[in-house]
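**Student:** Before anything else, here's the structure in question.
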Amino acid sequence: MLVFGAIPIKAGYGKIMHLISGRARTLESAVGVLILLIMVATAIGVYVISRDYNMARFGIASHQESQGDFTPVGKAETYNNDNLYEKIDGKAPMYQEAGFVKLDTQRFAAKSNSELSFELYTYDMNNAKNAFSVYSRQKRADVTDLSDLGASAFGYVAGNAICLSLGRNYIEMIGSAESNELVDVMKGMAKDMSAKFEPRDKDKIAASTSSLQAELGYFPEGTVAGTWKLQIDNAFGFDGLTDTYSATYKIGDKAVSIFLSKRKDADEAKTVAKNYYDFLITNGAKAVAVDSEILKSAGASVVDFYGAFEIVFPAGVFVGGVHEANDKQAAEKAAEVLIGRLKEVND
Amino acid sequence: MTEPNQENIARRQLLIRGVKAAASIAAAVGVARWLYDPKGPGAKEDETGFSGTFAKGLPDFSVPRKDGHIISIIQGADRTKTVSKAIELLGGIERFIKPGDVVIIKPNAGFATPALLGATTHPDVIGAIVKLCYAAKAKKVIITDNSINDPASCFTISGIAEAATTAGAEVVMPKDSYFGPVTLEGGSLIKDWPVYCAPFAKASKLIGIAPLKNHHRSAASMTMKNWYGLLGGRRNVFHQDINNIIAELAMLVKPTLVILDGTTTMMTNGPTGGSVSDLKKTNTMIASCDMVAADAFGSTLLNLKPADLPYLSIAEKAGVGTADYESLKPLRAEVT
């Protein structure tokens with residue numbers, strides 16, 4: 001059948017192909033022109049965007065320009081997970097455990113006074129929570145709060161240094177001397193860095209800062225402001241305690257470290273609290289009697305861990321407790337206050 | 001008729017080829033064996049005259065023990081005065097440095113940060129020790145450290161280079177050719193590991209000078225941790241087993257003397273610090289022939305107990321020294 005029908009089909013096929021080939025040439029030309037137009041438009045777009053390139057859209061501009069009398073000296077350096085230890089040696093694991101992505105550094109020196117210089121460290125920590133974690137864990141005592149940077153940030157001045165948690169970045173500016181001039185220049189750079197963010201990114205940073213502040217608000221009144229520390233992982237050596245905030249709470253003249261960790265639900269909170277208690281016992285802690293009725297009804301456990309008291313309890317979706325307290329009575333009192341506060345938050 | 005014959009030929013060819021292959025492998029193994037250097041590339045002699053490998057460890061630079069003169073603890077804020085007094089109480093510099101000695105000083109020059117931050121050995125101590133060595137008629141004093149991040153910047157910004165050269169010492173920067181594979185007998189970590197050893201080949205004395213610091217991983221960085229700077233390669237792998245590597249380094253290195261500078265102690269955020277807020281004036285200088293004792297005392301300036309630092313007990317069990325520093329009857333003084 002195919003053999004017999006091949007002749008008429010072949011004749012019709014030729015005509016069709018002739019028509020098609022004519023249209024195809026036109027179509028090919030049209031497609032070719034279109035592709036060229038797209039390429040030209042892309043080139044123009046790249047040119048226009050590159051003329052107004054704003055690194056802040058992708059996070060903080062990694063290498064800053066001159067700041068007043070201070071100009072960059074030496075080359076900017078970038079470190080990743082493989083070579084971070086070359087720059088900060090034994091402190092590298094702390095950053096890496098908190099989600100470190102990369103570090104950019106640049107040294108600046110005053111043109112008029114070679115003794116004055118500072119080094120800018122910009123750690124990309126992947127997200128705001130990770131950045132806050134390394135910021136909070138290294139926060140110095142007796143600092144001057146650094147606010148009004150033009151973008152929401154946590155920050156402070158400590159002698160010769162400025163430290164910021166700004167969006168996904170943890171930033172340090174380390175001065176070569178304790179000098180007001182140096183601190184002012186570093187503050188100026190911090191403000192400039194914040195100002196370079198586009199409005200939508202400022203909004204994003206503000207949202208992440210608000211979220212962190214809301215979580216810090218879970219702590220009871222009387223918590224010493226600025227003592228918060230966020231441990232992303234492995235809090236107090238227990239790998240089950242993640243996203244754990246701790247802070248100092250004052251009972252009279254006694255300082256007690258209290259902690260909380262928000263879990264997925266109440267069941268998970270109970271499991272984590274029990275696992276942490278088991279972890280302490282396994283590592284040599286001795287269970288001791290609970291004196292407080294509030295703690296008893298909350299299902300809290302108190303242990304003596306080589307002379308320091310540890311308390312842990314589930315509270316709704318939270319795991320809360322006291323870490324390394326010297327005084328059992330003060331520890332139980334602080335735990336009572338935390339239980340009351342977490343009850344309010346849960347409600 | 002042909003099939004068995006072909007099979008025979010194939011079998012014969014197989015045997016011949018097998019023999020040839022075995023001969024080739026044997027030849028390759030023989031050549032490899034002939035080329036194999038069990039000592040590795042090691043340190044090559046160069047224009048500075050440094051050479052040598054220490055496959056069995058570094059030389060022993062220690063001096064004979066003198067009971068009652070093992071550790072001295074001096075109170076005072078002036079590093080030049082306190083370190084001089086500390087050595088004087090141990091018997092004077094002449095006990096440690098003899099005329100003609102080539103002395104290596106190993107500071108902590110691990111970071112390109114100013115002396116103000118206390119992350120590196122203070123230049124005043126370097127200057128004082130170099131001068132003392134020359135006063136004892138040392139032939140040459142060399143300052144060196146394996147600062148992995150831009151050694152020139154580390155030595156310059158820390159002020160160590162200027163202090164050393166002003167006092168007449170030579171600053172030696174690390175080079176790849178100065179490393180050789182070292183194995184610590186009885187060690188579990190230092191096995192054929194590249195160790196900075198070439199500058200030590202022609203030295204007769206070794207003095208370690210360390211600042212007293214908090215350390216994120218090991219809780220404290222003092223005289224024993226200071227030898228970490230001798231490790232080459234990707235030494236960060238040892239951060240996972242920090243206590244054992246510090247103890248093994250203390251077993252590997254037998255210095256003439258160690259100096260622990262606790263004039264300013266980095267109490268927090270070590271080993272880099274970054275802010276003067278991390279520092280505390282503790283006004284103490286320690287000189288010791290026993291690293292374990294020096295570090296055990298140093299731990300108290302960090303508000304720790306010797307038992308809080310596992311590497312002290314590991315080193316003590318290995319016979320490096322004693323953590324019971326009081327048993328050595330430390331020589332104490334105060335200088336103003």
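The way I read the labels, and the way they are meant: chains A, B, ... in the order of the structure tokens, residue 1 as the first residue of every chain, and ligand 1 as the first ligand shown, with later ones counted on from there.
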Please, which residues in chain B fall within 10 Å of chain A when counting only C-alpha atoms, and what is the closest atom pair and distance in Å to one decimal for each, ordered by chain then residue number, as JSON lines?

**Tutor:**
```
{"residue": "B:Gly110", "atom": "CA", "partner": "A:Asp89", "partner_atom": "CA", "distance": 8.2}
{"residue": "B:Phe111", "atom": "CA", "partner": "A:Lys87", "partner_atom": "CA", "distance": 7.3}
{"residue": "B:Ala112", "atom": "CA", "partner": "A:Lys87", "partner_atom": "CA", "distance": 8.7}
{"residue": "B:Thr113", "atom": "CA", "partner": "A:Ser176", "partner_atom": "CA", "distance": 7.8}
{"residue": "B:Pro114", "atom": "CA", "partner": "A:Ser176", "partner_atom": "CA", "distance": 6.0}
{"residue": "B:Ala115", "atom": "CA", "partner": "A:Ser176", "partner_atom": "CA", "distance": 8.7}
{"residue": "B:Leu116", "atom": "CA", "partner": "A:Ala177", "partner_atom": "CA", "distance": 7.1}
{"residue": "B:Leu117", "atom": "CA", "partner": "A:Ser176", "partner_atom": "CA", "distance": 8.2}
{"residue": "B:Ser147", "atom": "CA", "partner": "A:Glu86", "partner_atom": "CA", "distance": 8.5}
{"residue": "B:Ile148", "atom": "CA", "partner": "A:Glu86", "partner_atom": "CA", "distance": 5.8}
{"residue": "B:Asn149", "atom": "CA", "partner": "A:Glu86", "partner_atom": "CA", "distance": 5.3}
{"residue": "B:Asp150", "atom": "CA", "partner": "A:Glu86", "partner_atom": "CA", "distance": 9.0}
{"residue": "B:Ser153", "atom": "CA", "partner": "A:Gly74", "partner_atom": "CA", "distance": 9.8}
{"residue": "B:Ile157", "atom": "CA", "partner": "A:Ser176", "partner_atom": "CA", "distance": 9.4}
{"residue": "B:His215", "atom": "CA", "partner": "A:Gly90", "partner_atom": "CA", "distance": 7.0}
{"residue": "B:His216", "atom": "CA", "partner": "A:Lys91", "partner_atom": "CA", "distance": 5.8}
{"residue": "B:Arg217", "atom": "CA", "partner": "A:Gly90", "partner_atom": "CA", "distance": 6.2}
{"residue": "B:Ser218", "atom": "CA", "partner": "A:Gly90", "partner_atom": "CA", "distance": 8.4}
{"residue": "B:Ser221", "atom": "CA", "partner": "A:Gly90", "partner_atom": "CA", "distance": 9.8}
{"residue": "B:Arg234", "atom": "CA", "partner": "A:Asn83", "partner_atom": "CA", "distance": 8.8}
{"residue": "B:Arg235", "atom": "CA", "partner": "A:Tyr85", "partner_atom": "CA", "distance": 8.8}
{"residue": "B:Asn236", "atom": "CA", "partner": "A:Tyr85", "partner_atom": "CA", "distance": 6.4}
{"residue": "B:Val237", "atom": "CA", "partner": "A:Tyr85", "partner_atom": "CA", "distance": 9.8}
{"residue": "B:Phe238", "atom": "CA", "partner": "A:Gly90", "partner_atom": "CA", "distance": 10.0}
{"residue": "B:His239", "atom": "CA", "partner": "A:Gly90", "partner_atom": "CA", "distance": 7.0}
{"residue": "B:Gln240", "atom": "CA", "partner": "A:Pro93", "partner_atom": "CA", "distance": 9.1}
{"residue": "B:Ile242", "atom": "CA", "partner": "A:Gly90", "partner_atom": "CA", "distance": 9.5}
{"residue": "B:Thr268", "atom": "CA", "partner": "A:Gln138", "partner_atom": "CA", "distance": 8.0}
{"residue": "B:Asn269", "atom": "CA", "partner": "A:Gln138", "partner_atom": "CA", "distance": 6.1}
{"residue": "B:Gly270", "atom": "CA", "partner": "A:Lys91", "partner_atom": "CA", "distance": 7.2}
{"residue": "B:Pro271", "atom": "CA", "partner": "A:Gly90", "partner_atom": "CA", "distance": 6.3}
{"residue": "B:Thr272", "atom": "CA", "partner": "A:Ile88", "partner_atom": "CA", "distance": 6.3}
{"residue": "B:Gly273", "atom": "CA", "partner": "A:Gln138", "partner_atom": "CA", "distance": 9.2}
{"residue": "B:Gly274", "atom": "CA", "partner": "A:Ile174", "partner_atom": "CA", "distance": 5.9}
{"residue": "B:Ser275", "atom": "CA", "partner": "A:Ala161", "partner_atom": "CA", "distance": 5.4}
{"residue": "B:Val276", "atom": "CA", "partner": "A:Gly159", "partner_atom": "CA", "distance": 5.9}
{"residue": "B:Ser277", "atom": "CA", "partner": "A:Ala158", "partner_atom": "CA", "distance": 6.1}
{"residue": "B:Asp278", "atom": "CA", "partner": "A:Arg140", "partner_atom": "CA", "distance": 7.0}
```

**Student:** I'd like the neighbourhood of B:Ser299 as number ranges by chain, where a residue qualifies if any of its atoms comes within 9 Å (using only C-alpha atoms), though same-chain residues fewer than 5 positions away should be ignored.

**Tutor:** B: 212, 220, 222, 294, 304-306, 308-309

**Student:** Give me the residues near B:Thr256 as a PDB file with C-alpha atoms, in the first residue's frame, where near means some atom within 9 Å (using only C-alpha atoms) and where sequence neighbours in that chain fewer than 6 positions away do not count.

**Tutor:**
```pdb
ATOM      1  CA  ASP B  60      66.276  18.984  73.007  1.00  0.00           C
ATOM      2  CA  PHE B  61      67.046  22.608  73.937  1.00  0.00           C
ATOM      3  CA  SER B  62      66.498  22.242  77.674  1.00  0.00           C
ATOM      4  CA  VAL B  63      69.098  23.010  80.346  1.00  0.00           C
ATOM      5  CA  PHE B  96      70.341  29.557  80.035  1.00  0.00           C
ATOM      6  CA  ILE B  97      72.450  31.257  77.386  1.00  0.00           C
ATOM      7  CA  LYS B 205      68.703  27.367  72.575  1.00  0.00           C
ATOM      8  CA  LEU B 206      64.956  27.915  72.284  1.00  0.00           C
ATOM      9  CA  ILE B 207      62.840  30.373  74.258  1.00  0.00           C
ATOM     10  CA  GLY B 208      59.057  30.455  73.922  1.00  0.00           C
ATOM     11  CA  CYS B 289      61.668  25.691  82.800  1.00  0.00           C
TER      12      CYS B 289
END
```

**Student:** Could you pull out the alpha helix (DSSP H) residues of stretch 27-199 of chain B from DSSP and send them as a PyMOL selection string?

**Tutor:** chain B and resi 27-35+79-89+93-96+123-135+151-157+160-166

**Student:** So which residues touch A:Ser301 within 7 Å, counting only C-alpha atoms, skipping near sequence neighbours fewer than 5 positions away, as a CSV table (one decimal) with N, CA and C atoms, in the first residue's frame?

**Tutor:**
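Saved as around.csv:
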```csv
chain,number,residue,atom,x,y,z
A,311,ILE,N,18.8,23.9,86.3
A,311,ILE,CA,17.3,23.6,86.3
A,311,ILE,C,16.8,23.6,84.9
A,312,VAL,N,15.9,22.6,84.6
A,312,VAL,CA,15.3,22.6,83.3
A,312,VAL,C,13.9,22.2,83.5
A,313,PHE,N,13.0,22.8,82.6
A,313,PHE,CA,11.6,22.5,82.7
A,313,PHE,C,11.0,22.8,81.3
```

**Student:** B:Ala210, B:Ile70, B:Trp34, B:Pro181: which is nearest B:Thr322, counting only C-alpha atoms?

**Tutor:**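 Among the listed residues, B:Ile70 lies closest to B:Thr322.
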